[in-house]
Every structure is written in structure tokens, then in C-alpha cells.
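A.B. asks: Data: target00.pdb, PDB, C-alpha atoms.
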```
ATOM      1  CA  MET A   1      -0.543  35.221 -34.952  1.00  0.00           C
ATOM      2  CA  ASP A   2       2.516  33.455 -33.564  1.00  0.00           C
ATOM      3  CA  PHE A   3       1.862  29.807 -34.455  1.00  0.00           C
ATOM      4  CA  SER A   4       5.078  28.680 -32.801  1.00  0.00           C
ATOM      5  CA  LYS A   5       3.728  29.722 -29.390  1.00  0.00           C
ATOM      6  CA  HIS A   6       0.424  27.937 -30.023  1.00  0.00           C
ATOM      7  CA  LYS A   7       2.295  24.871 -31.199  1.00  0.00           C
ATOM      8  CA  ALA A   8       4.354  24.854 -28.008  1.00  0.00           C
ATOM      9  CA  LEU A   9       1.188  25.232 -25.876  1.00  0.00           C
ATOM     10  CA  PHE A  10      -0.527  22.417 -27.781  1.00  0.00           C
ATOM     11  CA  CYS A  11       2.465  20.125 -27.223  1.00  0.00           C
ATOM     12  CA  LEU A  12       2.469  20.963 -23.500  1.00  0.00           C
ATOM     13  CA  VAL A  13      -1.243  20.067 -23.187  1.00  0.00           C
ATOM     14  CA  LEU A  14      -0.644  16.744 -24.935  1.00  0.00           C
ATOM     15  CA  MET A  15       2.263  15.957 -22.644  1.00  0.00           C
ATOM     16  CA  LEU A  16       0.176  16.671 -19.549  1.00  0.00           C
ATOM     17  CA  ALA A  17      -2.713  14.600 -20.848  1.00  0.00           C
ATOM     18  CA  PHE A  18      -0.533  11.577 -21.549  1.00  0.00           C
ATOM     19  CA  ASN A  19       1.281  12.044 -18.251  1.00  0.00           C
ATOM     20  CA  CYS A  20      -2.019  12.052 -16.325  1.00  0.00           C
ATOM     21  CA  ARG A  21      -3.152   8.978 -18.161  1.00  0.00           C
ATOM     22  CA  ALA A  22      -0.012   7.142 -17.117  1.00  0.00           C
ATOM     23  CA  LEU A  23      -0.497   8.114 -13.480  1.00  0.00           C
ATOM     24  CA  ALA A  24      -4.149   7.094 -13.287  1.00  0.00           C
ATOM     25  CA  GLU A  25      -5.165   4.831 -10.389  1.00  0.00           C
ATOM     26  CA  TYR A  26      -8.273   2.907  -9.365  1.00  0.00           C
ATOM     27  CA  ASN A  27      -9.817   4.401  -6.240  1.00  0.00           C
ATOM     28  CA  HIS A  28     -12.816   2.076  -5.816  1.00  0.00           C
ATOM     29  CA  GLU A  29     -12.918  -1.671  -5.113  1.00  0.00           C
ATOM     30  CA  ILE A  30     -15.709  -4.169  -4.590  1.00  0.00           C
ATOM     31  CA  GLY A  31     -15.093  -7.749  -3.573  1.00  0.00           C
ATOM     32  CA  VAL A  32     -16.139 -10.965  -1.890  1.00  0.00           C
ATOM     33  CA  SER A  33     -14.663 -12.672   1.158  1.00  0.00           C
ATOM     34  CA  GLY A  34     -14.790 -15.982   2.960  1.00  0.00           C
ATOM     35  CA  GLY A  35     -13.133 -17.506   5.990  1.00  0.00           C
ATOM     36  CA  ALA A  36     -13.483 -18.726   9.566  1.00  0.00           C
ATOM     37  CA  ALA A  37     -15.208 -17.137  12.572  1.00  0.00           C
ATOM     38  CA  PHE A  38     -14.979 -17.907  16.273  1.00  0.00           C
ATOM     39  CA  TYR A  39     -16.221 -16.526  19.592  1.00  0.00           C
ATOM     40  CA  LEU A  40     -14.577 -15.317  22.811  1.00  0.00           C
ATOM     41  CA  GLY A  41     -16.643 -14.989  25.980  1.00  0.00           C
ATOM     42  CA  ASP A  42     -17.787 -16.900  29.049  1.00  0.00           C
ATOM     43  CA  ALA A  43     -17.847 -20.202  27.118  1.00  0.00           C
ATOM     44  CA  ASN A  44     -14.385 -19.608  25.605  1.00  0.00           C
ATOM     45  CA  LYS A  45     -12.182 -17.129  27.396  1.00  0.00           C
ATOM     46  CA  SER A  46      -8.980 -17.280  25.347  1.00  0.00           C
ATOM     47  CA  ALA A  47      -8.702 -20.159  22.843  1.00  0.00           C
ATOM     48  CA  LEU A  48      -8.291 -18.828  19.308  1.00  0.00           C
ATOM     49  CA  PHE A  49     -10.309 -20.599  16.575  1.00  0.00           C
ATOM     50  CA  ASN A  50     -11.996 -22.939  19.063  1.00  0.00           C
ATOM     51  CA  ARG A  51     -15.154 -24.347  17.411  1.00  0.00           C
ATOM     52  CA  ALA A  52     -14.510 -22.111  14.405  1.00  0.00           C
ATOM     53  CA  ASP A  53     -17.282 -21.925  11.816  1.00  0.00           C
ATOM     54  CA  TYR A  54     -17.652 -20.182   8.460  1.00  0.00           C
ATOM     55  CA  SER A  55     -17.986 -16.544   7.418  1.00  0.00           C
ATOM     56  CA  VAL A  56     -18.967 -15.115   4.005  1.00  0.00           C
ATOM     57  CA  GLY A  57     -19.440 -11.526   2.899  1.00  0.00           C
ATOM     58  CA  GLY A  58     -18.610  -8.610   0.668  1.00  0.00           C
ATOM     59  CA  LEU A  59     -16.663  -5.370   0.837  1.00  0.00           C
ATOM     60  CA  TYR A  60     -16.351  -1.943  -0.732  1.00  0.00           C
ATOM     61  CA  ARG A  61     -13.083   0.003  -0.385  1.00  0.00           C
ATOM     62  CA  TYR A  62     -12.344   3.608  -1.292  1.00  0.00           C
ATOM     63  CA  ASN A  63      -8.622   4.248  -1.617  1.00  0.00           C
ATOM     64  CA  ILE A  64      -8.053   7.807  -0.418  1.00  0.00           C
ATOM     65  CA  ASP A  65      -4.402   7.645  -1.453  1.00  0.00           C
ATOM     66  CA  THR A  66      -1.580   5.109  -1.443  1.00  0.00           C
ATOM     67  CA  ARG A  67      -1.543   4.845   2.370  1.00  0.00           C
ATOM     68  CA  TRP A  68      -5.126   5.414   3.561  1.00  0.00           C
ATOM     69  CA  ALA A  69      -8.428   3.743   2.695  1.00  0.00           C
ATOM     70  CA  LEU A  70     -12.027   3.546   3.916  1.00  0.00           C
ATOM     71  CA  LYS A  71     -13.720   0.152   3.807  1.00  0.00           C
ATOM     72  CA  LEU A  72     -17.322  -1.011   4.225  1.00  0.00           C
ATOM     73  CA  THR A  73     -17.731  -4.683   5.148  1.00  0.00           C
ATOM     74  CA  VAL A  74     -20.940  -6.727   5.400  1.00  0.00           C
ATOM     75  CA  ARG A  75     -20.799 -10.428   6.242  1.00  0.00           C
ATOM     76  CA  TYR A  76     -22.656 -13.357   7.749  1.00  0.00           C
ATOM     77  CA  ALA A  77     -20.848 -15.543  10.277  1.00  0.00           C
ATOM     78  CA  ARG A  78     -21.617 -18.514  12.495  1.00  0.00           C
ATOM     79  CA  ILE A  79     -20.071 -18.925  15.947  1.00  0.00           C
ATOM     80  CA  ALA A  80     -20.311 -21.446  18.802  1.00  0.00           C
ATOM     81  CA  GLY A  81     -19.021 -22.116  22.285  1.00  0.00           C
ATOM     82  CA  ASP A  82     -19.133 -24.859  24.917  1.00  0.00           C
ATOM     83  CA  THR A  83     -17.796 -24.671  28.475  1.00  0.00           C
ATOM     84  CA  ARG A  84     -17.024 -28.427  28.400  1.00  0.00           C
ATOM     85  CA  ASP A  85     -14.104 -27.705  26.077  1.00  0.00           C
ATOM     86  CA  PHE A  86     -12.281 -26.094  29.012  1.00  0.00           C
ATOM     87  CA  ASN A  87     -13.821 -27.784  32.091  1.00  0.00           C
ATOM     88  CA  TYR A  88     -15.143 -24.442  33.326  1.00  0.00           C
ATOM     89  CA  ILE A  89     -16.905 -24.611  36.688  1.00  0.00           C
ATOM     90  CA  LEU A  90     -20.221 -22.772  36.533  1.00  0.00           C
ATOM     91  CA  PRO A  91     -22.081 -21.400  39.559  1.00  0.00           C
ATOM     92  CA  ASN A  92     -25.327 -22.878  40.870  1.00  0.00           C
ATOM     93  CA  GLY A  93     -24.138 -26.418  40.166  1.00  0.00           C
ATOM     94  CA  GLN A  94     -24.826 -26.251  36.398  1.00  0.00           C
ATOM     95  CA  ASP A  95     -22.708 -28.810  34.555  1.00  0.00           C
ATOM     96  CA  TYR A  96     -22.123 -26.898  31.327  1.00  0.00           C
ATOM     97  CA  ALA A  97     -23.496 -24.337  28.883  1.00  0.00           C
ATOM     98  CA  SER A  98     -23.187 -24.268  25.096  1.00  0.00           C
ATOM     99  CA  PHE A  99     -24.609 -22.277  22.206  1.00  0.00           C
ATOM    100  CA  GLU A 100     -24.563 -21.792  18.444  1.00  0.00           C
ATOM    101  CA  ARG A 101     -25.527 -18.613  16.647  1.00  0.00           C
ATOM    102  CA  GLY A 102     -25.526 -16.900  13.277  1.00  0.00           C
ATOM    103  CA  LEU A 103     -24.972 -13.154  13.042  1.00  0.00           C
ATOM    104  CA  VAL A 104     -24.690 -10.345  10.521  1.00  0.00           C
ATOM    105  CA  ASP A 105     -21.733  -8.024  10.932  1.00  0.00           C
ATOM    106  CA  SER A 106     -21.458  -4.660   9.160  1.00  0.00           C
ATOM    107  CA  ASN A 107     -18.836  -2.007   9.781  1.00  0.00           C
ATOM    108  CA  VAL A 108     -16.960   0.958   8.347  1.00  0.00           C
ATOM    109  CA  ALA A 109     -13.222   0.970   9.006  1.00  0.00           C
ATOM    110  CA  VAL A 110     -10.165   3.103   8.336  1.00  0.00           C
ATOM    111  CA  GLU A 111      -7.156   1.252   6.941  1.00  0.00           C
ATOM    112  CA  PHE A 112      -3.531   2.382   7.082  1.00  0.00           C
ATOM    113  CA  ASN A 113      -1.054   0.764   4.681  1.00  0.00           C
ATOM    114  CA  PHE A 114       2.540   0.472   5.889  1.00  0.00           C
ATOM    115  CA  PHE A 115       3.800   0.820   2.297  1.00  0.00           C
ATOM    116  CA  ASP A 116       2.618   3.032  -0.567  1.00  0.00           C
ATOM    117  CA  ILE A 117       0.629   0.610  -2.697  1.00  0.00           C
ATOM    118  CA  GLY A 118      -0.454   1.152  -6.301  1.00  0.00           C
ATOM    119  CA  GLU A 119       0.399   0.728  -9.949  1.00  0.00           C
ATOM    120  CA  SER A 120       1.972   4.093 -10.741  1.00  0.00           C
ATOM    121  CA  LYS A 121       5.779   4.028 -10.566  1.00  0.00           C
ATOM    122  CA  TYR A 122       5.886   7.769 -11.216  1.00  0.00           C
ATOM    123  CA  TYR A 123       3.906   8.508  -8.056  1.00  0.00           C
ATOM    124  CA  LYS A 124       4.756   7.309  -4.527  1.00  0.00           C
ATOM    125  CA  ALA A 125       3.027   3.991  -5.204  1.00  0.00           C
ATOM    126  CA  ARG A 126       6.100   1.819  -5.623  1.00  0.00           C
ATOM    127  CA  TYR A 127       4.780  -1.376  -3.991  1.00  0.00           C
ATOM    128  CA  VAL A 128       2.243  -3.936  -5.149  1.00  0.00           C
ATOM    129  CA  ALA A 129       1.846  -5.476  -1.669  1.00  0.00           C
ATOM    130  CA  THR A 130       1.615  -4.106   1.866  1.00  0.00           C
ATOM    131  CA  PRO A 131       0.598  -5.060   5.400  1.00  0.00           C
ATOM    132  CA  TYR A 132      -2.023  -2.820   7.028  1.00  0.00           C
ATOM    133  CA  ILE A 133      -3.913  -2.163  10.236  1.00  0.00           C
ATOM    134  CA  MET A 134      -7.549  -1.126  10.628  1.00  0.00           C
ATOM    135  CA  VAL A 135     -10.062   0.146  13.178  1.00  0.00           C
ATOM    136  CA  GLY A 136     -13.728   0.946  12.740  1.00  0.00           C
ATOM    137  CA  VAL A 137     -17.241   1.019  14.104  1.00  0.00           C
ATOM    138  CA  GLY A 138     -20.280  -1.016  13.119  1.00  0.00           C
ATOM    139  CA  LEU A 139     -23.365  -3.034  14.031  1.00  0.00           C
ATOM    140  CA  THR A 140     -23.860  -6.690  14.876  1.00  0.00           C
ATOM    141  CA  ALA A 141     -27.359  -8.060  14.293  1.00  0.00           C
ATOM    142  CA  TYR A 142     -28.828 -11.431  15.205  1.00  0.00           C
ATOM    143  CA  ASN A 143     -32.158 -13.063  15.850  1.00  0.00           C
ATOM    144  CA  ASN A 144     -32.822 -13.687  19.536  1.00  0.00           C
ATOM    145  CA  LEU A 145     -35.217 -16.639  19.523  1.00  0.00           C
ATOM    146  CA  TYR A 146     -35.063 -16.812  23.306  1.00  0.00           C
ATOM    147  CA  GLY A 147     -36.207 -13.225  23.704  1.00  0.00           C
ATOM    148  CA  GLY A 148     -38.392 -13.263  20.596  1.00  0.00           C
ATOM    149  CA  ASP A 149     -36.828 -10.223  18.947  1.00  0.00           C
ATOM    150  CA  ASN A 150     -33.965  -9.019  16.774  1.00  0.00           C
ATOM    151  CA  VAL A 151     -30.916  -7.611  18.529  1.00  0.00           C
ATOM    152  CA  TYR A 152     -28.610  -4.869  17.248  1.00  0.00           C
ATOM    153  CA  ASN A 153     -25.356  -4.108  19.039  1.00  0.00           C
ATOM    154  CA  VAL A 154     -22.676  -1.507  18.334  1.00  0.00           C
ATOM    155  CA  ASN A 155     -19.307  -3.097  17.658  1.00  0.00           C
ATOM    156  CA  ILE A 156     -15.676  -2.001  17.344  1.00  0.00           C
ATOM    157  CA  PRO A 157     -13.578  -4.068  14.901  1.00  0.00           C
ATOM    158  CA  LEU A 158      -9.786  -4.075  15.209  1.00  0.00           C
ATOM    159  CA  GLY A 159      -7.676  -5.834  12.632  1.00  0.00           C
ATOM    160  CA  ILE A 160      -4.497  -6.538  10.743  1.00  0.00           C
ATOM    161  CA  GLY A 161      -4.081  -7.702   7.197  1.00  0.00           C
ATOM    162  CA  GLY A 162      -2.120  -7.784   3.997  1.00  0.00           C
ATOM    163  CA  LYS A 163      -3.099  -6.898   0.447  1.00  0.00           C
ATOM    164  CA  TRP A 164      -1.498  -7.664  -2.916  1.00  0.00           C
ATOM    165  CA  LYS A 165      -2.348  -5.954  -6.185  1.00  0.00           C
ATOM    166  CA  ILE A 166      -2.283  -8.875  -8.608  1.00  0.00           C
ATOM    167  CA  ASN A 167      -2.614  -6.367 -11.455  1.00  0.00           C
ATOM    168  CA  LYS A 168      -4.371  -3.059 -12.105  1.00  0.00           C
ATOM    169  CA  ARG A 169      -7.784  -4.679 -11.815  1.00  0.00           C
ATOM    170  CA  PHE A 170      -7.567  -7.238  -8.990  1.00  0.00           C
ATOM    171  CA  THR A 171      -6.454  -7.153  -5.351  1.00  0.00           C
ATOM    172  CA  LEU A 172      -6.037 -10.240  -3.157  1.00  0.00           C
ATOM    173  CA  GLY A 173      -6.095  -9.801   0.605  1.00  0.00           C
ATOM    174  CA  LEU A 174      -5.914 -11.665   3.904  1.00  0.00           C
ATOM    175  CA  GLU A 175      -7.387 -10.067   7.030  1.00  0.00           C
ATOM    176  CA  TRP A 176      -7.923 -10.981  10.674  1.00  0.00           C
ATOM    177  CA  THR A 177     -10.298  -8.891  12.770  1.00  0.00           C
ATOM    178  CA  ILE A 178     -11.433  -9.165  16.364  1.00  0.00           C
ATOM    179  CA  THR A 179     -14.696  -7.410  17.156  1.00  0.00           C
ATOM    180  CA  LYS A 180     -15.732  -6.087  20.551  1.00  0.00           C
ATOM    181  CA  LEU A 181     -19.405  -5.989  21.549  1.00  0.00           C
ATOM    182  CA  PHE A 182     -20.972  -4.012  24.379  1.00  0.00           C
ATOM    183  CA  THR A 183     -23.144  -6.896  25.573  1.00  0.00           C
ATOM    184  CA  ASP A 184     -22.574 -10.136  27.459  1.00  0.00           C
ATOM    185  CA  ARG A 185     -25.583 -11.884  25.895  1.00  0.00           C
ATOM    186  CA  LEU A 186     -24.210 -12.866  22.481  1.00  0.00           C
ATOM    187  CA  ASP A 187     -23.901 -16.427  23.824  1.00  0.00           C
ATOM    188  CA  VAL A 188     -27.442 -16.576  25.299  1.00  0.00           C
ATOM    189  CA  THR A 189     -29.836 -18.387  22.957  1.00  0.00           C
ATOM    190  CA  ASP A 190     -32.128 -20.289  25.331  1.00  0.00           C
ATOM    191  CA  ALA A 191     -32.733 -21.108  29.000  1.00  0.00           C
ATOM    192  CA  THR A 192     -29.898 -23.655  29.122  1.00  0.00           C
ATOM    193  CA  ASN A 193     -27.228 -21.020  28.450  1.00  0.00           C
ATOM    194  CA  GLU A 194     -28.825 -18.030  30.194  1.00  0.00           C
ATOM    195  CA  ILE A 195     -26.100 -18.422  32.816  1.00  0.00           C
ATOM    196  CA  LEU A 196     -23.519 -17.172  30.287  1.00  0.00           C
ATOM    197  CA  ASP A 197     -24.860 -13.648  30.800  1.00  0.00           C
ATOM    198  CA  ASN A 198     -22.410 -12.495  33.486  1.00  0.00           C
ATOM    199  CA  PRO A 199     -22.326 -15.899  35.247  1.00  0.00           C
ATOM    200  CA  TYR A 200     -20.430 -14.688  38.310  1.00  0.00           C
ATOM    201  CA  LYS A 201     -22.574 -11.535  38.654  1.00  0.00           C
ATOM    202  CA  VAL A 202     -19.723  -9.063  38.549  1.00  0.00           C
ATOM    203  CA  SER A 203     -21.153  -5.675  39.516  1.00  0.00           C
ATOM    204  CA  SER A 204     -19.080  -3.722  36.971  1.00  0.00           C
ATOM    205  CA  THR A 205     -17.573  -4.857  33.707  1.00  0.00           C
ATOM    206  CA  GLY A 206     -14.410  -3.648  32.041  1.00  0.00           C
ATOM    207  CA  PHE A 207     -13.453  -3.357  28.388  1.00  0.00           C
ATOM    208  CA  PHE A 208     -12.583  -7.062  28.104  1.00  0.00           C
ATOM    209  CA  ASP A 209     -15.515  -8.447  30.121  1.00  0.00           C
ATOM    210  CA  THR A 210     -18.159  -8.448  27.372  1.00  0.00           C
ATOM    211  CA  ASP A 211     -18.410 -10.811  24.391  1.00  0.00           C
ATOM    212  CA  TRP A 212     -16.144 -10.748  21.341  1.00  0.00           C
ATOM    213  CA  TYR A 213     -15.981 -12.577  18.026  1.00  0.00           C
ATOM    214  CA  SER A 214     -13.240 -12.846  15.456  1.00  0.00           C
ATOM    215  CA  VAL A 215     -13.047 -13.452  11.705  1.00  0.00           C
ATOM    216  CA  ALA A 216     -10.052 -14.494   9.598  1.00  0.00           C
ATOM    217  CA  ASN A 217     -10.884 -14.225   5.932  1.00  0.00           C
ATOM    218  CA  LEU A 218      -9.452 -14.172   2.428  1.00  0.00           C
ATOM    219  CA  TYR A 219     -10.880 -11.659  -0.047  1.00  0.00           C
ATOM    220  CA  LEU A 220     -10.651 -10.841  -3.731  1.00  0.00           C
ATOM    221  CA  SER A 221     -11.664  -7.424  -5.020  1.00  0.00           C
ATOM    222  CA  ILE A 222     -11.941  -5.842  -8.440  1.00  0.00           C
ATOM    223  CA  ASN A 223     -10.737  -2.264  -8.940  1.00  0.00           C
ATOM    224  CA  LEU A 224     -13.188   0.091 -10.638  1.00  0.00           C
ATOM    225  CA  PHE A 225     -13.440   3.627 -12.035  1.00  0.00           C
ATOM    226  CA  GLU A 226      -9.968   4.638 -13.158  1.00  0.00           C
ATOM    227  CA  THR A 227      -9.329   8.251 -12.176  1.00  0.00           C
ATOM    228  CA  ASN A 228      -6.588  10.854 -12.488  1.00  0.00           C
ATOM    229  CA  LYS A 229      -6.565  11.462  -8.771  1.00  0.00           C
ATOM    230  CA  PHE A 230      -2.829  10.843  -8.445  1.00  0.00           C
ATOM    231  CA  CYS A 231      -1.868  12.829 -11.543  1.00  0.00           C
ATOM    232  CA  ARG A 232       1.065  15.190 -11.151  1.00  0.00           C
TER     233      ARG A 232
END
```
Give the structure from this file in C-alpha cells form.
C.D. replies:
Amino acid sequence: MDFSKHKALFCLVLMLAFNCRALAEYNHEIGVSGGAAFYLGDANKSALFNRADYSVGGLYRYNIDTRWALKLTVRYARIAGDTRDFNYILPNGQDYASFERGLVDSNVAVEFNFFDIGESKYYKARYVATPYIMVGVGLTAYNNLYGGDNVYNVNIPLGIGGKWKINKRFTLGLEWTITKLFTDRLDVTDATNEILDNPYKVSSTGFFDTDWYSVANLYLSINLFETNKFCR
């Protein structure tokens, strides 16, 4: 038996094992978030952060590689609007309409990092911070006391953000999303604001004619389950 060959093979296996260990990354993250939420619709057509209220939630992110990630977000937010803030003239002689509402937002989004982010300097991950963009699909749920039922609406979140890997275990991020709904009744909570459902009775609505809400939040996540996914 040629022990020199076996010794060389054994050394090669050890080198690969240590090399893979050095290149290991964390693919999974869970975290918490908090920030401000506001509404855009017939009681606020364009003013960002008008009557902003709070938002709290959690997230799970799966890092596919150093550029791409999938993220699940679930949060509770409160929003409000009042036509008196802008002196809107409502039809039928109504002086004003206002509302307040809490909602639950859940969505799955794809994120694209502009820089390769990660801890491994031997892989492409040479940055510890990066801006990113995201798009997804989800559900918005809220209790409709006026109609006496729970409402579920499909939503499309669009967003931008930035993330910073504080170290191998923790990631700090800032994100701003704007979420499109396919209903004009998010701002209808009782008879006094029923007029906010298509107040001018437009026969057809475009992409921007239904209600929207937006969330700007700060999040902190912990990285879990070290893997050898990026081993070379």
C-alpha cells in the first residue's frame, strides 16, 4: 500500500474541509421591525407621512446568494386620513371625511442587492452593506366594523432599502415600502366616510386610482443556520 498517496489524499480532504468552513455563510434570518405608516387615497392624495402612525412586525429572510433574497414580512400598522388637511371639496355638499384604521399586512417579496453582501472575503461577498430594491405580493386584512365582516385584499408592495451586516450574526436594515391595494374602500369605516369610496364616481379606475399605504421601518435580524452553501 502506498501510504504517501493516502497521506496526500488525507491532506487534500482536510484542506477542503477547512476551506469550506471559512466560506460558510448564514442563509436564514429572523427579525423584528418598527416604524411609521401612512395612507394615500381620497383623503390624502400625495402628502408623504401625513398623519403617520406606528407599525410593528417581524420578518424572515432566506438569502439565496449574495445578491438575491426572499423575504416574508408580517406586520400591524395604523393609518389615518382627513380631507380637512388639504381643503378638499367633496361632492354632495359634505364638509369633510376622515377615518382611522388598523390593518395587518403580510407579503412575500424578492430582494435584489446592488452589492454582493456577506462575510466571506474569499467568495464574491466583499461588502458588509448594500442598498436594495424589492417587489412582492401579499394580503392586507382588516376588520370592517361598518360592513360587519373581515376584509382581505391582495396587495403589491414595492420598496427600497439598505442593509448592514453588523457582524456574522446580526443585520441592521432600513426599508421604505409603498403598497398598492385593489380596492377604494380602505378609508371607509362608517357612514360619515362612505363618500371616500370613489367620491367622484369615476366609471373606470386606473392603477393609481385605488388606495395605497406606505411603511418606513427599521429592522434588526439575527442570522441563523450556518451552511456551506457558498463553499468553493
A.B. asks: My list of candidates is A:Tyr132, A:Tyr152, A:Phe182, A:Tyr88. Which is closest to Tyr213 in chain A when distances are computed with all atoms listed in the file?
C.D. replies: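 Smallest separation from Tyr213 in chain A among the options: A:Phe182.
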A.B. asks: Counting all atoms listed in the file, what is within 8 Å of Glu111 in chain A, bar same-chain residues fewer than 3 positions away, as a list in words?
C.D. replies: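 The contact residues come out as Trp68, Ala69, Leu70, Lys71, Tyr132, Ile133, Met134 and Val135 of chain A.
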A.B. asks: Given the PyMOL selection byres ((chain A and resi 220) around 10) and the file above, list the residues it selects as a list in words.
C.D. replies: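 Here the PyMOL selection byres ((chain A and resi 220) around 10) matches Glu29, Ile30, Gly31, Val32, Ser33, Gly34, Gly58, Leu59, Lys163, Trp164, Lys165, Ile166, Phe170, Thr171, Leu172, Gly173, Leu174, Leu218, Tyr219, Ser221 and Ile222 of chain A.
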A.B. asks: Write the residues of the preceding selection, restricted to C-alpha atoms, as a PDB file, keeping the file's coordinate frame.
C.D. replies:
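The result, written out as again16.pdb:
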```
ATOM      1  CA  GLU A  29     -12.918  -1.671  -5.113  1.00  0.00           C
ATOM      2  CA  ILE A  30     -15.709  -4.169  -4.590  1.00  0.00           C
ATOM      3  CA  GLY A  31     -15.093  -7.749  -3.573  1.00  0.00           C
ATOM      4  CA  VAL A  32     -16.139 -10.965  -1.890  1.00  0.00           C
ATOM      5  CA  SER A  33     -14.663 -12.672   1.158  1.00  0.00           C
ATOM      6  CA  GLY A  34     -14.790 -15.982   2.960  1.00  0.00           C
ATOM      7  CA  GLY A  58     -18.610  -8.610   0.668  1.00  0.00           C
ATOM      8  CA  LEU A  59     -16.663  -5.370   0.837  1.00  0.00           C
ATOM      9  CA  LYS A 163      -3.099  -6.898   0.447  1.00  0.00           C
ATOM     10  CA  TRP A 164      -1.498  -7.664  -2.916  1.00  0.00           C
ATOM     11  CA  LYS A 165      -2.348  -5.954  -6.185  1.00  0.00           C
ATOM     12  CA  ILE A 166      -2.283  -8.875  -8.608  1.00  0.00           C
ATOM     13  CA  PHE A 170      -7.567  -7.238  -8.990  1.00  0.00           C
ATOM     14  CA  THR A 171      -6.454  -7.153  -5.351  1.00  0.00           C
ATOM     15  CA  LEU A 172      -6.037 -10.240  -3.157  1.00  0.00           C
ATOM     16  CA  GLY A 173      -6.095  -9.801   0.605  1.00  0.00           C
ATOM     17  CA  LEU A 174      -5.914 -11.665   3.904  1.00  0.00           C
ATOM     18  CA  LEU A 218      -9.452 -14.172   2.428  1.00  0.00           C
ATOM     19  CA  TYR A 219     -10.880 -11.659  -0.047  1.00  0.00           C
ATOM     20  CA  SER A 221     -11.664  -7.424  -5.020  1.00  0.00           C
ATOM     21  CA  ILE A 222     -11.941  -5.842  -8.440  1.00  0.00           C
TER      22      ILE A 222
END
```
A.B. asks: Run the PyMOL selection byres ((chain A and resi 113) around 6) on the file and write out the hits as a list in words.
C.D. replies: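 Answer for the PyMOL selection byres ((chain A and resi 113) around 6): Arg67, Phe112, Phe114, Phe115 and Tyr132 of chain A.
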A.B. asks: Report, in Å to a single decimal, how far apart CA of Gly118 in chain A and CA of Asn63 in chain A are.
C.D. replies: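 Answer for the CA of Asn63 in chain A to CA of Gly118 in chain A separation: 9.9 Å.
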A.B. asks: Skipping near chain neighbours, those fewer than 4 positions away, what residues fall within 7 Å of Ile79 in chain A using all atoms listed in the file, listed as a ChimeraX atom specification?
C.D. replies: /A:37-39,52-53,100-102
A.B. asks: Tell me which residues come within 10 Å of (-13.3, -17.3, 23.2), as a list in words, counting all atoms listed in the file in the file's coordinates.
C.D. replies: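 So the residues meeting the distance criterion are Phe38, Tyr39, Leu40, Gly41, Asp42, Ala43, Asn44, Lys45, Ser46, Ala47, Leu48, Phe49, Asn50, Arg51, Ala80, Gly81, Asp82, Asp211, Trp212, Tyr213 and Ser214 of chain A.
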A.B. asks: May I ask for the distance between CA of Asn223 in chain A and CA of Val110 in chain A, given in Å to one decimal place?
C.D. replies: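 CA of Val110 in chain A lies 18.1 Å from CA of Asn223 in chain A.
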A.B. asks: At most 7 Å from (-7.5, -8.7, 7.9), file frame, all atoms listed in the file: which residues, as an MDAnalysis selection string?
C.D. replies: chainID A and resid 159:162 174:177 216:217
A.B. asks: Work out how far CA of Tyr62 in chain A is from CA of Lys168 in chain A, in Å to one decimal.
C.D. replies: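 Result for CA of Lys168 in chain A versus CA of Tyr62 in chain A: 15.0 Å, one decimal.
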A.B. asks: Calculated over all atoms listed in the file, which of the candidates A:Asn87, A:Asn155, A:Ser98, A:Asn167 has the smallest distance to Leu196 in chain A?
C.D. replies: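 Among the listed residues, the smallest separation from Leu196 in chain A belongs to A:Ser98.
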